[in-house]
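For reference, the structure discussed in these notes is given below.
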Amino acid sequence: MSSPLPTRDQVMTALAGVNDPEIGRPITELGMVKSVEIGSDGAVAVGVYLTVAGCPMRDTITSRVTGAVAPLAGVTGVRVDLDVMSEEQRKQLQTQIRGGAPERVIPFAQPSSLTKVYAIVSGKGGVGKSSVTVNLAASLAAAGHKVALIDADIYGHSVPRMLGVTGAPTKVQDMIMPPAAKGVKVISAGMLKPPGQDALPIRGPILHRLLEQFLADFYWGDLDYLLIDMPPGTGDIALSLARLVPGAELVIVTTPQLAAAEVAQRAGTLVTQTHQRVIGVIENMSYLLCPHCGEPMDVFGVGGGEQVATALTKLTGVDVPLLGQIPIDVRLREGGDSGTPLVLSDPEAPASAQLIKIAESLASKGRGLAGRMLSLSPR
Ligand SMILES: Nc1ncnc2c1ncn2[C@@H]1O[C@H](COP(=O)(O)OP(=O)(O)OP(=O)(O)O)[C@@H](O)[C@H]1O
């Protein structure tokens with residue numbers, strides 16, 4: 001009496017014992033089993049995907065599959081039909097081999113990351129976004145936090161000069177180490193441009209890749225805070241950042257006279273799209289202390305920061321505070337030009353006092369997962 005036909009489960013169990021000769025893992029786990037057909041006469045046909053056409057291991061795989069299935073009760077013969085994986089299947093396999101990690105791992109985007117990521121944005125250029133960012137980073141580092149600053153303001157990239165960075169990125173085996181100054185690790189598009197070339201001819205998709213490279217390919221170590229100096233305006237790069245680091249929170253820099261409603265509207269529309277959180281508004285160039293009498297003078301109008309904060313609170317339904325108002329101080333510009341942020345050279349200056357207060361309020365949001373918004377990718 002002949003044995004009953006083998007079941008599909010029995011065949012799959014037998015195939016689970018067949019390792020890919022190169023990868024050393026079962027072909028069933030690697031998505032290499034395309035099909036199993038069991039004929040009424042006990043003949044079994046196994047379809048197998050090879051990773052590449054003309055795979056040198058094709059004979060080994062064929063004989064291993066045959067050797068595993070043939071001894072099963074009821075099997076009268078084994079035929080192995082070879083096929084080749086599609087590009088998509090190969091990518092999936094690569095991801096699986098890397099333990100499920102996507103091709104480029106951005107440490108700050110991992111659910112377990114304890115690093116607070118703040119993107120510093122502004123409605124338009126020249127409001128002092130880079131100066132503010134550099135002083136906040138220096139202040140956080142001076143307070144003992146582990147801080148890095150990514151200068152994603154591709155068109156301005158003034159951060160290295162403002163922080164007095166003299167070093168360049170260095171390569172250690174597969175990792176690129178960012179240079180550091182004033183206790184802040186820094187990378188900037190300015191460090192990557194060819195010598196003698198001023199502006200980088202960069203467009204949206206390249207900008208996205210550059211930001212991804214900064215985030216994924218550099219070795220940042222265990223950071224408390226990562227500040228990102230964003231290009232002015234709330235354009236594509238802000239959407240890119242939201243995709244790459246969904247948990248990044250926004251800090252808006254504005255001046256008192258800016259069309260507050262417009263700034264708020266644009267930022268509000270952005271965060272509604274990206275599900276990000278605006279952590280607060282900073283008003284820069286708020287007033288000038290009269291060099292004679294010490295009275296504050298409203299050079300650029302008044303109330304812009306407060307208006308943006310109030311409008312954003314309404315638009316987003318979440319409290320968006322005005323974090324501080326930084327006066328105009330010539331030394332703040334001079335500090336930027338000489339590479340020593342004002343918060344370090346004169347922490348007592350009124351502008352420094354505001355910047356340090358703002359840095360403290362950013363730090364008070366704390367490191368870690370508590371209170372973290374569960375951001376959704378806008379993909
Ligand atoms: N509070 C301030 N007091 C005096 N000067 C300031 C102040 N804030 C910024 N500045 C100066 O204003 C100029 C523009 O500042 P900064 O480059 O930081 O602006 P930005 O918003 O980053 O501009 P962009 O995005 O176009 O690069 C610089 O010369 C800077 O030194």
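In the structure tokens, chains take letters A, B, ... by order of appearance, with residues numbered from 1 within each chain and ligands from 1 in the order shown.
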
Using only C-alpha atoms and all ligand atoms, find each residue in chain A having at least one atom no more than 8 Å away from ligand 1; report its shortest atom-to-atom pair and that distance in Å (one decimal), rows by chain then rising number, as JSON lines.
{"residue": "A:Ser122", "atom": "CA", "partner": "ligand 1", "partner_atom_place_in_ligand_line": "21 (O)", "distance": 6.9}
{"residue": "A:Lys124", "atom": "CA", "partner": "ligand 1", "partner_atom_place_in_ligand_line": "25 (O)", "distance": 7.0}
{"residue": "A:Gly125", "atom": "CA", "partner": "ligand 1", "partner_atom_place_in_ligand_line": "26 (O)", "distance": 3.6}
{"residue": "A:Gly126", "atom": "CA", "partner": "ligand 1", "partner_atom_place_in_ligand_line": "23 (O)", "distance": 3.5}
{"residue": "A:Val127", "atom": "CA", "partner": "ligand 1", "partner_atom_place_in_ligand_line": "21 (O)", "distance": 3.9}
{"residue": "A:Gly128", "atom": "CA", "partner": "ligand 1", "partner_atom_place_in_ligand_line": "19 (O)", "distance": 3.2}
{"residue": "A:Lys129", "atom": "CA", "partner": "ligand 1", "partner_atom_place_in_ligand_line": "21 (O)", "distance": 3.7}
{"residue": "A:Ser130", "atom": "CA", "partner": "ligand 1", "partner_atom_place_in_ligand_line": "22 (O)", "distance": 3.6}
{"residue": "A:Ser131", "atom": "CA", "partner": "ligand 1", "partner_atom_place_in_ligand_line": "18 (O)", "distance": 3.6}
{"residue": "A:Val132", "atom": "CA", "partner": "ligand 1", "partner_atom_place_in_ligand_line": "18 (O)", "distance": 6.4}
{"residue": "A:Thr133", "atom": "CA", "partner": "ligand 1", "partner_atom_place_in_ligand_line": "18 (O)", "distance": 7.9}
{"residue": "A:Asp153", "atom": "CA", "partner": "ligand 1", "partner_atom_place_in_ligand_line": "25 (O)", "distance": 6.6}
{"residue": "A:Tyr155", "atom": "CA", "partner": "ligand 1", "partner_atom_place_in_ligand_line": "27 (O)", "distance": 7.0}
{"residue": "A:Gly156", "atom": "CA", "partner": "ligand 1", "partner_atom_place_in_ligand_line": "27 (O)", "distance": 4.0}
{"residue": "A:His157", "atom": "CA", "partner": "ligand 1", "partner_atom_place_in_ligand_line": "27 (O)", "distance": 6.6}
{"residue": "A:Ser158", "atom": "CA", "partner": "ligand 1", "partner_atom_place_in_ligand_line": "17 (O)", "distance": 6.5}
{"residue": "A:Asp229", "atom": "CA", "partner": "ligand 1", "partner_atom_place_in_ligand_line": "22 (O)", "distance": 7.8}
{"residue": "A:Met230", "atom": "CA", "partner": "ligand 1", "partner_atom_place_in_ligand_line": "25 (O)", "distance": 7.7}
{"residue": "A:Pro231", "atom": "CA", "partner": "ligand 1", "partner_atom_place_in_ligand_line": "25 (O)", "distance": 5.8}
{"residue": "A:Pro232", "atom": "CA", "partner": "ligand 1", "partner_atom_place_in_ligand_line": "25 (O)", "distance": 5.0}
{"residue": "A:Val253", "atom": "CA", "partner": "ligand 1", "partner_atom_place_in_ligand_line": "21 (O)", "distance": 7.9}
{"residue": "A:Asn284", "atom": "CA", "partner": "ligand 1", "partner_atom_place_in_ligand_line": "1 (N)", "distance": 5.5}
{"residue": "A:Met285", "atom": "CA", "partner": "ligand 1", "partner_atom_place_in_ligand_line": "1 (N)", "distance": 4.4}
{"residue": "A:Ser286", "atom": "CA", "partner": "ligand 1", "partner_atom_place_in_ligand_line": "1 (N)", "distance": 7.5}
{"residue": "A:Ile326", "atom": "CA", "partner": "ligand 1", "partner_atom_place_in_ligand_line": "1 (N)", "distance": 5.6}
{"residue": "A:Pro327", "atom": "CA", "partner": "ligand 1", "partner_atom_place_in_ligand_line": "1 (N)", "distance": 5.2}
{"residue": "A:Ile328", "atom": "CA", "partner": "ligand 1", "partner_atom_place_in_ligand_line": "3 (N)", "distance": 3.4}
{"residue": "A:Asp329", "atom": "CA", "partner": "ligand 1", "partner_atom_place_in_ligand_line": "3 (N)", "distance": 4.0}
{"residue": "A:Val330", "atom": "CA", "partner": "ligand 1", "partner_atom_place_in_ligand_line": "4 (C)", "distance": 4.8}
{"residue": "A:Arg331", "atom": "CA", "partner": "ligand 1", "partner_atom_place_in_ligand_line": "4 (C)", "distance": 6.9}
{"residue": "A:Leu332", "atom": "CA", "partner": "ligand 1", "partner_atom_place_in_ligand_line": "4 (C)", "distance": 5.3}
{"residue": "A:Arg333", "atom": "CA", "partner": "ligand 1", "partner_atom_place_in_ligand_line": "31 (O)", "distance": 3.2}
{"residue": "A:Glu334", "atom": "CA", "partner": "ligand 1", "partner_atom_place_in_ligand_line": "31 (O)", "distance": 6.6}
{"residue": "A:Gly335", "atom": "CA", "partner": "ligand 1", "partner_atom_place_in_ligand_line": "31 (O)", "distance": 7.7}
{"residue": "A:Gly336", "atom": "CA", "partner": "ligand 1", "partner_atom_place_in_ligand_line": "31 (O)", "distance": 5.6}
{"residue": "A:Asp337", "atom": "CA", "partner": "ligand 1", "partner_atom_place_in_ligand_line": "31 (O)", "distance": 7.1}
{"residue": "A:Ala351", "atom": "CA", "partner": "ligand 1", "partner_atom_place_in_ligand_line": "1 (N)", "distance": 6.8}

Inset, instruction - Could you give me, as a list in words, the residues within 8 Å of region 213-226 of chain A, counting only C-alpha atoms and dropping anything in the same chain fewer than 6 positions from it? - result: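 Close residues of region 213-226 of chain A: Arg104, Val105, Ile106, Pro107, Phe108, Leu114, Thr115, Lys116, Val117, Tyr118, His145, Lys146, Val147, Ala148, Leu149, Ile150, Met175, Ile176, Met177, Pro178, Lys185, Ile187 and Arg367 of chain A.
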
With N, CA and C atoms retained, export the selected residues as a PDB file, in the first residue's frame.
ATOM      1  N   ARG A 104      19.076  53.177   5.833  1.00  0.00           N
ATOM      2  CA  ARG A 104      19.868  54.128   6.603  1.00  0.00           C
ATOM      3  C   ARG A 104      19.168  54.350   7.920  1.00  0.00           C
ATOM      4  N   VAL A 105      19.911  54.141   8.977  1.00  0.00           N
ATOM      5  CA  VAL A 105      19.293  54.263  10.287  1.00  0.00           C
ATOM      6  C   VAL A 105      19.559  55.653  10.845  1.00  0.00           C
ATOM      7  N   ILE A 106      18.493  56.361  11.145  1.00  0.00           N
ATOM      8  CA  ILE A 106      18.632  57.650  11.793  1.00  0.00           C
ATOM      9  C   ILE A 106      18.394  57.420  13.285  1.00  0.00           C
ATOM     10  N   PRO A 107      19.453  57.523  14.087  1.00  0.00           N
ATOM     11  CA  PRO A 107      19.285  57.158  15.495  1.00  0.00           C
ATOM     12  C   PRO A 107      18.186  57.967  16.195  1.00  0.00           C
ATOM     13  N   PHE A 108      18.036  59.239  15.790  1.00  0.00           N
ATOM     14  CA  PHE A 108      17.066  60.115  16.466  1.00  0.00           C
ATOM     15  C   PHE A 108      15.622  59.779  16.112  1.00  0.00           C
ATOM     16  N   LEU A 114      16.532  58.933  23.105  1.00  0.00           N
ATOM     17  CA  LEU A 114      16.256  59.858  24.207  1.00  0.00           C
ATOM     18  C   LEU A 114      16.660  61.284  23.856  1.00  0.00           C
ATOM     19  N   THR A 115      17.145  61.475  22.620  1.00  0.00           N
ATOM     20  CA  THR A 115      17.615  62.803  22.210  1.00  0.00           C
ATOM     21  C   THR A 115      16.439  63.699  21.828  1.00  0.00           C
ATOM     22  N   LYS A 116      16.418  64.898  22.396  1.00  0.00           N
ATOM     23  CA  LYS A 116      15.410  65.890  21.994  1.00  0.00           C
ATOM     24  C   LYS A 116      15.898  66.570  20.729  1.00  0.00           C
ATOM     25  N   VAL A 117      15.082  66.598  19.708  1.00  0.00           N
ATOM     26  CA  VAL A 117      15.482  67.239  18.455  1.00  0.00           C
ATOM     27  C   VAL A 117      14.642  68.503  18.267  1.00  0.00           C
ATOM     28  N   TYR A 118      15.334  69.634  18.189  1.00  0.00           N
ATOM     29  CA  TYR A 118      14.649  70.903  17.971  1.00  0.00           C
ATOM     30  C   TYR A 118      15.050  71.466  16.616  1.00  0.00           C
ATOM     31  N   HIS A 145      25.143  69.800  28.999  1.00  0.00           N
ATOM     32  CA  HIS A 145      24.401  68.852  28.168  1.00  0.00           C
ATOM     33  C   HIS A 145      25.230  68.420  26.961  1.00  0.00           C
ATOM     34  N   LYS A 146      24.921  67.253  26.453  1.00  0.00           N
ATOM     35  CA  LYS A 146      25.590  66.782  25.234  1.00  0.00           C
ATOM     36  C   LYS A 146      24.782  67.288  24.038  1.00  0.00           C
ATOM     37  N   VAL A 147      25.421  68.144  23.256  1.00  0.00           N
ATOM     38  CA  VAL A 147      24.681  68.894  22.234  1.00  0.00           C
ATOM     39  C   VAL A 147      25.327  68.775  20.860  1.00  0.00           C
ATOM     40  N   ALA A 148      24.500  68.697  19.840  1.00  0.00           N
ATOM     41  CA  ALA A 148      24.984  68.789  18.460  1.00  0.00           C
ATOM     42  C   ALA A 148      24.123  69.763  17.697  1.00  0.00           C
ATOM     43  N   LEU A 149      24.716  70.312  16.660  1.00  0.00           N
ATOM     44  CA  LEU A 149      24.013  71.303  15.843  1.00  0.00           C
ATOM     45  C   LEU A 149      24.220  70.963  14.376  1.00  0.00           C
ATOM     46  N   ILE A 150      23.117  70.751  13.676  1.00  0.00           N
ATOM     47  CA  ILE A 150      23.186  70.522  12.230  1.00  0.00           C
ATOM     48  C   ILE A 150      22.775  71.804  11.532  1.00  0.00           C
ATOM     49  N   MET A 175      32.609  55.365   9.813  1.00  0.00           N
ATOM     50  CA  MET A 175      31.851  56.457  10.420  1.00  0.00           C
ATOM     51  C   MET A 175      32.480  57.805  10.118  1.00  0.00           C
ATOM     52  N   ILE A 176      31.618  58.806   9.981  1.00  0.00           N
ATOM     53  CA  ILE A 176      32.127  60.158   9.792  1.00  0.00           C
ATOM     54  C   ILE A 176      31.913  60.900  11.109  1.00  0.00           C
ATOM     55  N   MET A 177      32.991  61.440  11.642  1.00  0.00           N
ATOM     56  CA  MET A 177      32.897  62.145  12.913  1.00  0.00           C
ATOM     57  C   MET A 177      32.784  63.646  12.648  1.00  0.00           C
ATOM     58  N   PRO A 178      31.768  64.284  13.249  1.00  0.00           N
ATOM     59  CA  PRO A 178      31.645  65.736  13.054  1.00  0.00           C
ATOM     60  C   PRO A 178      32.685  66.469  13.899  1.00  0.00           C
ATOM     61  N   LYS A 185      28.979  69.538  18.872  1.00  0.00           N
ATOM     62  CA  LYS A 185      29.341  68.855  17.621  1.00  0.00           C
ATOM     63  C   LYS A 185      28.584  69.536  16.491  1.00  0.00           C
ATOM     64  N   ILE A 187      27.851  69.989  12.145  1.00  0.00           N
ATOM     65  CA  ILE A 187      28.062  69.697  10.736  1.00  0.00           C
ATOM     66  C   ILE A 187      27.264  70.711   9.927  1.00  0.00           C
ATOM     67  N   ARG A 367      15.073  65.239  28.752  1.00  0.00           N
ATOM     68  CA  ARG A 367      15.483  64.210  27.835  1.00  0.00           C
ATOM     69  C   ARG A 367      14.611  63.013  28.131  1.00  0.00           C
TER      70      ARG A 367
END

Inset, instruction - Work out how far apart CA of Leu362 (chain A) and CA of Thr254 (chain A) are and give it in Å to one decimal. - result: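 Separating CA of Leu362 (chain A) from CA of Thr254 (chain A) is a distance of 17.1 Å.
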
Legend entry - Contacts of Thr7 (chain A) within 12 Å, only C-alpha atoms, excl. fewer than 2 positions in-chain, as number ranges by chain: A: 3-5, 9-14, 36-40, 42-44, 69, 72-75

Inset, instruction - Just list the residues in region 139-318 of chain A DSSP gives strand (DSSP E) on the backbone, as a PyMOL selection string. - result: chain A and resi 147-151+170-172+175-177+180-181+184-188+225-229+249-254+278-289+296-297

Inset, instruction - Work out how far apart CA of Val165 (chain A) and CA of Lys182 (chain A) are and give it in Å to one decimal. - result: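 Atom-to-atom, CA of Val165 (chain A) and CA of Lys182 (chain A) are spaced 8.4 Å apart.
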
Inset, instruction - Write out as a PyMOL selection string the residues lying within 8 Å of Leu270 (chain A), counting only C-alpha atoms and excluding same-chain residues fewer than 2 positions away. - result: chain A and resi 234+238-239+266-268+272-274

Could you dump the residues just selected with N, CA and C atoms as a PDB file, in the first residue's frame?
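New file part22.pdb:
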ATOM      1  N   THR A 234       9.132  77.814   5.374  1.00  0.00           N
ATOM      2  CA  THR A 234       8.707  76.484   5.814  1.00  0.00           C
ATOM      3  C   THR A 234       8.445  75.631   4.574  1.00  0.00           C
ATOM      4  N   ALA A 238      11.432  71.290   5.502  1.00  0.00           N
ATOM      5  CA  ALA A 238      10.715  71.061   6.765  1.00  0.00           C
ATOM      6  C   ALA A 238       9.904  69.774   6.674  1.00  0.00           C
ATOM      7  N   LEU A 239       9.343  69.528   5.514  1.00  0.00           N
ATOM      8  CA  LEU A 239       8.596  68.279   5.327  1.00  0.00           C
ATOM      9  C   LEU A 239       9.552  67.093   5.344  1.00  0.00           C
ATOM     10  N   ARG A 266       1.673  80.043   8.193  1.00  0.00           N
ATOM     11  CA  ARG A 266       2.509  79.104   7.441  1.00  0.00           C
ATOM     12  C   ARG A 266       3.040  77.990   8.341  1.00  0.00           C
ATOM     13  N   ALA A 267       3.510  78.384   9.524  1.00  0.00           N
ATOM     14  CA  ALA A 267       4.033  77.366  10.444  1.00  0.00           C
ATOM     15  C   ALA A 267       2.908  76.446  10.898  1.00  0.00           C
ATOM     16  N   GLY A 268       1.732  77.043  11.124  1.00  0.00           N
ATOM     17  CA  GLY A 268       0.575  76.254  11.579  1.00  0.00           C
ATOM     18  C   GLY A 268       0.167  75.239  10.526  1.00  0.00           C
ATOM     19  N   THR A 272       0.321  71.141  10.971  1.00  0.00           N
ATOM     20  CA  THR A 272      -0.916  70.374  10.824  1.00  0.00           C
ATOM     21  C   THR A 272      -0.664  69.232   9.836  1.00  0.00           C
ATOM     22  N   GLN A 273       0.131  69.545   8.817  1.00  0.00           N
ATOM     23  CA  GLN A 273       0.468  68.513   7.826  1.00  0.00           C
ATOM     24  C   GLN A 273       1.365  67.443   8.432  1.00  0.00           C
ATOM     25  N   THR A 274       2.323  67.863   9.236  1.00  0.00           N
ATOM     26  CA  THR A 274       3.360  66.930   9.676  1.00  0.00           C
ATOM     27  C   THR A 274       3.100  66.327  11.054  1.00  0.00           C
TER      28      THR A 274
END

Legend entry - Point-to-point distance in Å for CA of Ala119 (chain A) and CA of Leu344 (chain A):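 CA of Ala119 (chain A) lies 22.2 Å from CA of Leu344 (chain A).
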
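Nearest residue to Leu315 (chain A) among A:Ala45, A:Val278, A:Ala359, A:Leu288 is A:Val278, counting only C-alpha atoms.
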
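Between Gly235 (chain A) and the residues A:Cys290, A:Val343, A:Ile282, A:Val121, the shortest atom-to-atom distance, using only C-alpha atoms, involves A:Val121.
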
Inset, instruction - Go through A:Val281, A:Leu289, A:Gly324, A:Gly247 and flag the residue nearest Ala309 (chain A), using only C-alpha atoms for the distances. - result: A:Val281

Inset, instruction - Enumerate the residues of region 252-350 of chain A with a DSSP assignment of alpha helix (DSSP H), computed from the backbone, and present them as a PyMOL selection string. - result: chain A and resi 260-274+304-316+330-338+342-345+350

Same residues, N, CA and C atoms, saved as a short mmCIF file (atom, residue, chain, number, x, y, z; two decimals), in the first residue's frame:
data_model
loop_
_atom_site.label_atom_id
_atom_site.label_comp_id
_atom_site.auth_asym_id
_atom_site.auth_seq_id
_atom_site.Cartn_x
_atom_site.Cartn_y
_atom_site.Cartn_z
N ALA A 260 3.01 88.90 11.55
CA ALA A 260 2.90 87.77 12.45
C ALA A 260 1.87 86.75 11.99
N ALA A 261 0.75 87.26 11.50
CA ALA A 261 -0.32 86.34 11.11
C ALA A 261 0.16 85.41 10.00
N GLU A 262 0.96 85.97 9.10
CA GLU A 262 1.43 85.17 7.97
C GLU A 262 2.42 84.10 8.44
N VAL A 263 3.35 84.50 9.31
CA VAL A 263 4.34 83.55 9.83
C VAL A 263 3.63 82.40 10.54
N ALA A 264 2.67 82.80 11.39
CA ALA A 264 1.96 81.79 12.18
C ALA A 264 1.16 80.87 11.28
N GLN A 265 0.51 81.47 10.29
CA GLN A 265 -0.33 80.68 9.39
C GLN A 265 0.50 79.62 8.67
N ARG A 266 1.67 80.04 8.19
CA ARG A 266 2.51 79.10 7.44
C ARG A 266 3.04 77.99 8.34
N ALA A 267 3.51 78.38 9.52
CA ALA A 267 4.03 77.37 10.44
C ALA A 267 2.91 76.45 10.90
N GLY A 268 1.73 77.04 11.12
CA GLY A 268 0.57 76.25 11.58
C GLY A 268 0.17 75.24 10.53
N THR A 269 0.16 75.67 9.26
CA THR A 269 -0.21 74.77 8.18
C THR A 269 0.78 73.61 8.10
N LEU A 270 2.07 73.97 8.28
CA LEU A 270 3.11 72.94 8.22
C LEU A 270 2.90 71.88 9.31
N VAL A 271 2.74 72.33 10.55
CA VAL A 271 2.65 71.33 11.62
C VAL A 271 1.35 70.54 11.58
N THR A 272 0.32 71.14 10.97
CA THR A 272 -0.92 70.37 10.82
C THR A 272 -0.66 69.23 9.84
N GLN A 273 0.13 69.54 8.82
CA GLN A 273 0.47 68.51 7.83
C GLN A 273 1.36 67.44 8.43
N THR A 274 2.32 67.86 9.24
CA THR A 274 3.36 66.93 9.68
C THR A 274 3.10 66.33 11.05
N GLY A 304 5.34 91.24 17.82
CA GLY A 304 5.28 90.19 16.79
C GLY A 304 5.37 88.79 17.36
N GLY A 305 6.29 88.60 18.30
CA GLY A 305 6.49 87.26 18.88
C GLY A 305 5.24 86.79 19.60
N GLU A 306 4.67 87.70 20.40
CA GLU A 306 3.47 87.36 21.17
C GLU A 306 2.31 87.01 20.23
N GLN A 307 2.21 87.79 19.16
CA GLN A 307 1.12 87.54 18.20
C GLN A 307 1.27 86.17 17.53
N VAL A 308 2.51 85.85 17.14
CA VAL A 308 2.74 84.55 16.49
C VAL A 308 2.40 83.42 17.47
N ALA A 309 2.83 83.60 18.73
CA ALA A 309 2.58 82.56 19.73
C ALA A 309 1.08 82.38 19.96
N THR A 310 0.36 83.49 20.08
CA THR A 310 -1.09 83.41 20.33
C THR A 310 -1.80 82.78 19.13
N ALA A 311 -1.40 83.23 17.93
CA ALA A 311 -2.06 82.69 16.73
C ALA A 311 -1.80 81.20 16.59
N LEU A 312 -0.55 80.78 16.90
CA LEU A 312 -0.23 79.35 16.76
C LEU A 312 -0.94 78.52 17.82
N THR A 313 -1.11 79.09 19.00
CA THR A 313 -1.84 78.37 20.05
C THR A 313 -3.26 78.09 19.55
N LYS A 314 -3.85 79.10 18.93
CA LYS A 314 -5.22 78.94 18.40
C LYS A 314 -5.24 77.92 17.26
N LEU A 315 -4.28 78.05 16.35
CA LEU A 315 -4.28 77.19 15.17
C LEU A 315 -4.03 75.73 15.49
N THR A 316 -3.13 75.48 16.46
CA THR A 316 -2.76 74.09 16.73
C THR A 316 -3.53 73.49 17.90
N VAL A 330 24.88 94.78 19.54
CA VAL A 330 25.94 94.74 18.53
C VAL A 330 26.92 93.61 18.84
N ARG A 331 27.13 93.33 20.12
CA ARG A 331 28.11 92.31 20.50
C ARG A 331 27.65 90.91 20.09
N LEU A 332 26.33 90.77 19.94
CA LEU A 332 25.82 89.47 19.48
C LEU A 332 26.29 89.20 18.05
N ARG A 333 26.24 90.27 17.24
CA ARG A 333 26.74 90.13 15.86
C ARG A 333 28.26 89.95 15.88
N GLU A 334 28.94 90.74 16.71
CA GLU A 334 30.40 90.63 16.77
C GLU A 334 30.83 89.23 17.22
N GLY A 335 30.10 88.70 18.19
CA GLY A 335 30.39 87.34 18.67
C GLY A 335 30.25 86.33 17.54
N GLY A 336 29.23 86.56 16.70
CA GLY A 336 29.02 85.68 15.55
C GLY A 336 30.17 85.79 14.57
N ASP A 337 30.64 87.00 14.37
CA ASP A 337 31.73 87.21 13.42
C ASP A 337 33.06 86.63 13.93
N SER A 338 33.24 86.69 15.26
CA SER A 338 34.54 86.23 15.79
C SER A 338 34.52 84.76 16.20
N LEU A 342 27.89 85.11 22.22
CA LEU A 342 27.77 86.07 23.32
C LEU A 342 27.46 85.40 24.66
N VAL A 343 26.68 84.33 24.64
CA VAL A 343 26.34 83.67 25.92
C VAL A 343 27.60 83.18 26.64
N LEU A 344 28.69 82.97 25.88
CA LEU A 344 29.94 82.52 26.51
C LEU A 344 30.83 83.71 26.87
N SER A 345 30.89 84.71 25.97
CA SER A 345 31.80 85.84 26.24
C SER A 345 31.22 86.79 27.28
N PRO A 350 22.12 91.49 28.64
CA PRO A 350 20.67 91.24 28.58
C PRO A 350 20.28 90.23 27.48
#
